Amino acid sequence: MNYFSNALSPFRPFAFSLFLLFALSPFRLASQGYEWEYDPRFPQSMPTRFIGLEFAAQYAMHTGDLAYFEQLVPCCTFSDGTGFPLRLSAVAEQWVTPTLSVQAGLGVAYQSAEFVSDQQQAPFEDGTVLVTEYVLQTSITALSLSGGVRQRLFDSFFSVGLDLRGNVTIGSAQTLQERVVSPSDFTFTTNPPTQVYDLSGTMVIPDVAAFVLEPALSFQYDIALARGSVLSPSVNVSMPLNSLATGQSWGYLAVGLGVRLSRGF
């Protein structure tokens, strides 16, 4: 519980700000959810369709069972890691009622992760014990398609949304390194000597998943700008329904912030 509490702590000020915006906002909505008056002399219909761009950045807590074998001998297992997912999407939204909308998006998602193994010990004849750890760094780039709904809450500009994303992998990379923890003066016999040994070409994850389903929950606040524009900051949570690796266990829980700029038509 402390682990999740510490991970979520950077987002608490933003969430509190959103709450204040919601609490102090007017509780009256126009017919399509926004209050614009183009001309007080002539009645005009308000836009119900919106298109825009959305950017989101998250902090992800990864869990897995990713085993590394050194010359067919089990060496270590990567079970916990962290990462910083990024997402840029074009989003189309249709308000079907004054408080309910459906939306679809198309964009690119980038998922990075770093795992650090348990420390490994190797005793020397002189009694010195070499302590090292393995560091696995991964990245996945995906084409992301999404669809979902958004519901306004309590007759306000605050809303909750649920999306289902389909992430199609278009690229991936991974690196593995062994680095010295102690003694501080030990170096590997490389040229030049170094305390970080690059295990180039080593594949801890032979295959990443070609397709990942990822539901996402978001809490959003809409700020109506001039002439049909809307700025929408949000807090979002997401996690995959299937493993990110083929034949291996790998998942995450991601919490982050997003912002969308939309234009009605």
# chains A, B, ... in the order shown; residues from 1 in each chain; ligands from 1
>>> select_by_dssp(residues="stretch 28-198 of chain A", states="strand (DSSP E)", output="number ranges by chain")
A: 49-70, 73-83, 86-97, 100-116, 120-123, 129-152, 158-182, 196-198
>>> write_last_selection(atoms="C-alpha atoms", output="CSV table (one decimal), in the first residue's frame")
chain,number,residue,atom,x,y,z
A,49,ARG,CA,-19.3,17.5,-32.6
A,50,PHE,CA,-15.7,18.2,-31.5
A,51,ILE,CA,-12.3,17.2,-32.9
A,52,GLY,CA,-9.0,17.9,-31.1
A,53,LEU,CA,-5.6,16.8,-30.0
A,54,GLU,CA,-4.8,15.1,-26.7
A,55,PHE,CA,-1.5,14.6,-25.0
A,56,ALA,CA,-1.0,12.4,-21.9
A,57,ALA,CA,2.0,11.5,-19.8
A,58,GLN,CA,1.9,8.8,-17.1
A,59,TYR,CA,4.0,7.1,-14.4
A,60,ALA,CA,3.8,3.3,-14.7
A,61,MET,CA,4.5,0.7,-12.0
A,62,HIS,CA,5.5,-2.5,-13.9
A,63,THR,CA,5.3,-6.1,-12.6
A,64,GLY,CA,6.4,-9.2,-14.4
A,65,ASP,CA,8.2,-12.5,-14.5
A,66,LEU,CA,10.9,-11.9,-17.0
A,67,ALA,CA,13.7,-14.4,-16.6
A,68,TYR,CA,17.3,-13.9,-17.8
A,69,PHE,CA,19.3,-17.0,-18.7
A,70,GLU,CA,23.1,-16.7,-19.0
A,73,VAL,CA,21.8,-21.1,-16.7
A,74,PRO,CA,19.1,-19.1,-14.8
A,75,CYS,CA,20.6,-15.9,-13.7
A,76,CYS,CA,17.9,-13.6,-12.4
A,77,THR,CA,14.3,-12.6,-12.8
A,78,PHE,CA,13.0,-9.1,-13.4
A,79,SER,CA,9.8,-8.6,-11.4
A,80,ASP,CA,9.3,-4.9,-10.6
A,81,GLY,CA,10.0,-1.8,-12.7
A,82,THR,CA,8.9,1.7,-13.5
A,83,GLY,CA,8.2,3.6,-16.7
A,86,LEU,CA,3.5,9.0,-23.4
A,87,ARG,CA,0.5,9.3,-25.8
A,88,LEU,CA,-0.4,11.7,-28.5
A,89,SER,CA,-3.9,11.3,-30.2
A,90,ALA,CA,-6.4,12.9,-32.5
A,91,VAL,CA,-9.8,12.6,-30.8
A,92,ALA,CA,-13.3,13.0,-32.2
A,93,GLU,CA,-16.2,13.4,-29.8
A,94,GLN,CA,-20.0,13.4,-30.4
A,95,TRP,CA,-22.4,14.6,-27.7
A,96,VAL,CA,-25.5,12.4,-27.9
A,97,THR,CA,-27.2,14.1,-25.0
A,100,LEU,CA,-23.2,12.0,-22.5
A,101,SER,CA,-20.7,11.8,-25.3
A,102,VAL,CA,-19.1,9.0,-27.4
A,103,GLN,CA,-15.5,9.5,-28.6
A,104,ALA,CA,-12.9,7.8,-30.8
A,105,GLY,CA,-9.2,8.4,-31.1
A,106,LEU,CA,-6.2,7.5,-33.2
A,107,GLY,CA,-2.6,8.2,-32.1
A,108,VAL,CA,0.8,7.0,-31.2
A,109,ALA,CA,1.8,5.6,-27.8
A,110,TYR,CA,5.3,5.2,-26.4
A,111,GLN,CA,5.9,2.9,-23.4
A,112,SER,CA,9.2,2.8,-21.6
A,113,ALA,CA,10.2,0.6,-18.6
A,114,GLU,CA,13.3,-0.1,-16.5
A,115,PHE,CA,13.7,-3.2,-14.4
A,116,VAL,CA,16.5,-3.8,-11.8
A,120,GLN,CA,24.0,-11.0,-7.4
A,121,GLN,CA,27.1,-12.0,-5.3
A,122,ALA,CA,30.3,-13.6,-6.5
A,123,PRO,CA,33.0,-14.3,-3.9
A,129,VAL,CA,32.6,-10.3,-2.6
A,130,LEU,CA,31.6,-8.8,-5.9
A,131,VAL,CA,28.0,-7.5,-5.8
A,132,THR,CA,26.3,-6.7,-9.1
A,133,GLU,CA,22.8,-6.1,-10.4
A,134,TYR,CA,21.2,-6.4,-13.9
A,135,VAL,CA,19.3,-3.5,-15.5
A,136,LEU,CA,16.8,-4.2,-18.2
A,137,GLN,CA,15.5,-1.2,-20.2
A,138,THR,CA,12.7,-1.6,-22.7
A,139,SER,CA,10.6,0.6,-25.0
A,140,ILE,CA,7.5,-0.2,-27.1
A,141,THR,CA,6.0,2.1,-29.7
A,142,ALA,CA,2.4,1.4,-30.8
A,143,LEU,CA,-0.3,2.7,-33.0
A,144,SER,CA,-3.2,3.3,-30.6
A,145,LEU,CA,-6.9,3.2,-31.5
A,146,SER,CA,-9.5,3.9,-28.9
A,147,GLY,CA,-13.2,4.2,-28.4
A,148,GLY,CA,-15.2,5.2,-25.3
A,149,VAL,CA,-17.9,7.2,-23.6
A,150,ARG,CA,-17.8,10.2,-21.3
A,151,GLN,CA,-20.5,11.2,-18.7
A,152,ARG,CA,-20.8,14.6,-17.0
A,158,PHE,CA,-16.6,17.6,-14.4
A,159,SER,CA,-16.9,14.2,-16.1
A,160,VAL,CA,-15.8,10.6,-15.9
A,161,GLY,CA,-14.8,8.7,-19.0
A,162,LEU,CA,-14.1,5.1,-19.9
A,163,ASP,CA,-12.1,4.1,-23.0
A,164,LEU,CA,-10.8,0.9,-24.5
A,165,ARG,CA,-7.6,1.2,-26.4
A,166,GLY,CA,-6.2,-1.3,-28.9
A,167,ASN,CA,-2.4,-0.8,-29.1
A,168,VAL,CA,-0.8,-2.3,-32.2
A,169,THR,CA,3.0,-2.7,-31.7
A,170,ILE,CA,5.0,-1.0,-34.5
A,171,GLY,CA,8.5,-1.0,-32.8
A,172,SER,CA,10.3,-2.2,-29.7
A,173,ALA,CA,13.8,-2.2,-28.2
A,174,GLN,CA,15.6,-3.6,-25.2
A,175,THR,CA,19.0,-3.3,-23.6
A,176,LEU,CA,20.6,-5.3,-20.8
A,177,GLN,CA,23.5,-4.2,-18.6
A,178,GLU,CA,25.3,-5.6,-15.6
A,179,ARG,CA,26.6,-2.9,-13.2
A,180,VAL,CA,28.8,-3.0,-10.1
A,181,VAL,CA,27.3,-2.3,-6.7
A,182,SER,CA,30.4,-3.0,-4.7
A,196,VAL,CA,28.7,-1.0,-16.3
A,197,TYR,CA,29.0,-4.0,-18.7
A,198,ASP,CA,26.8,-3.8,-21.8
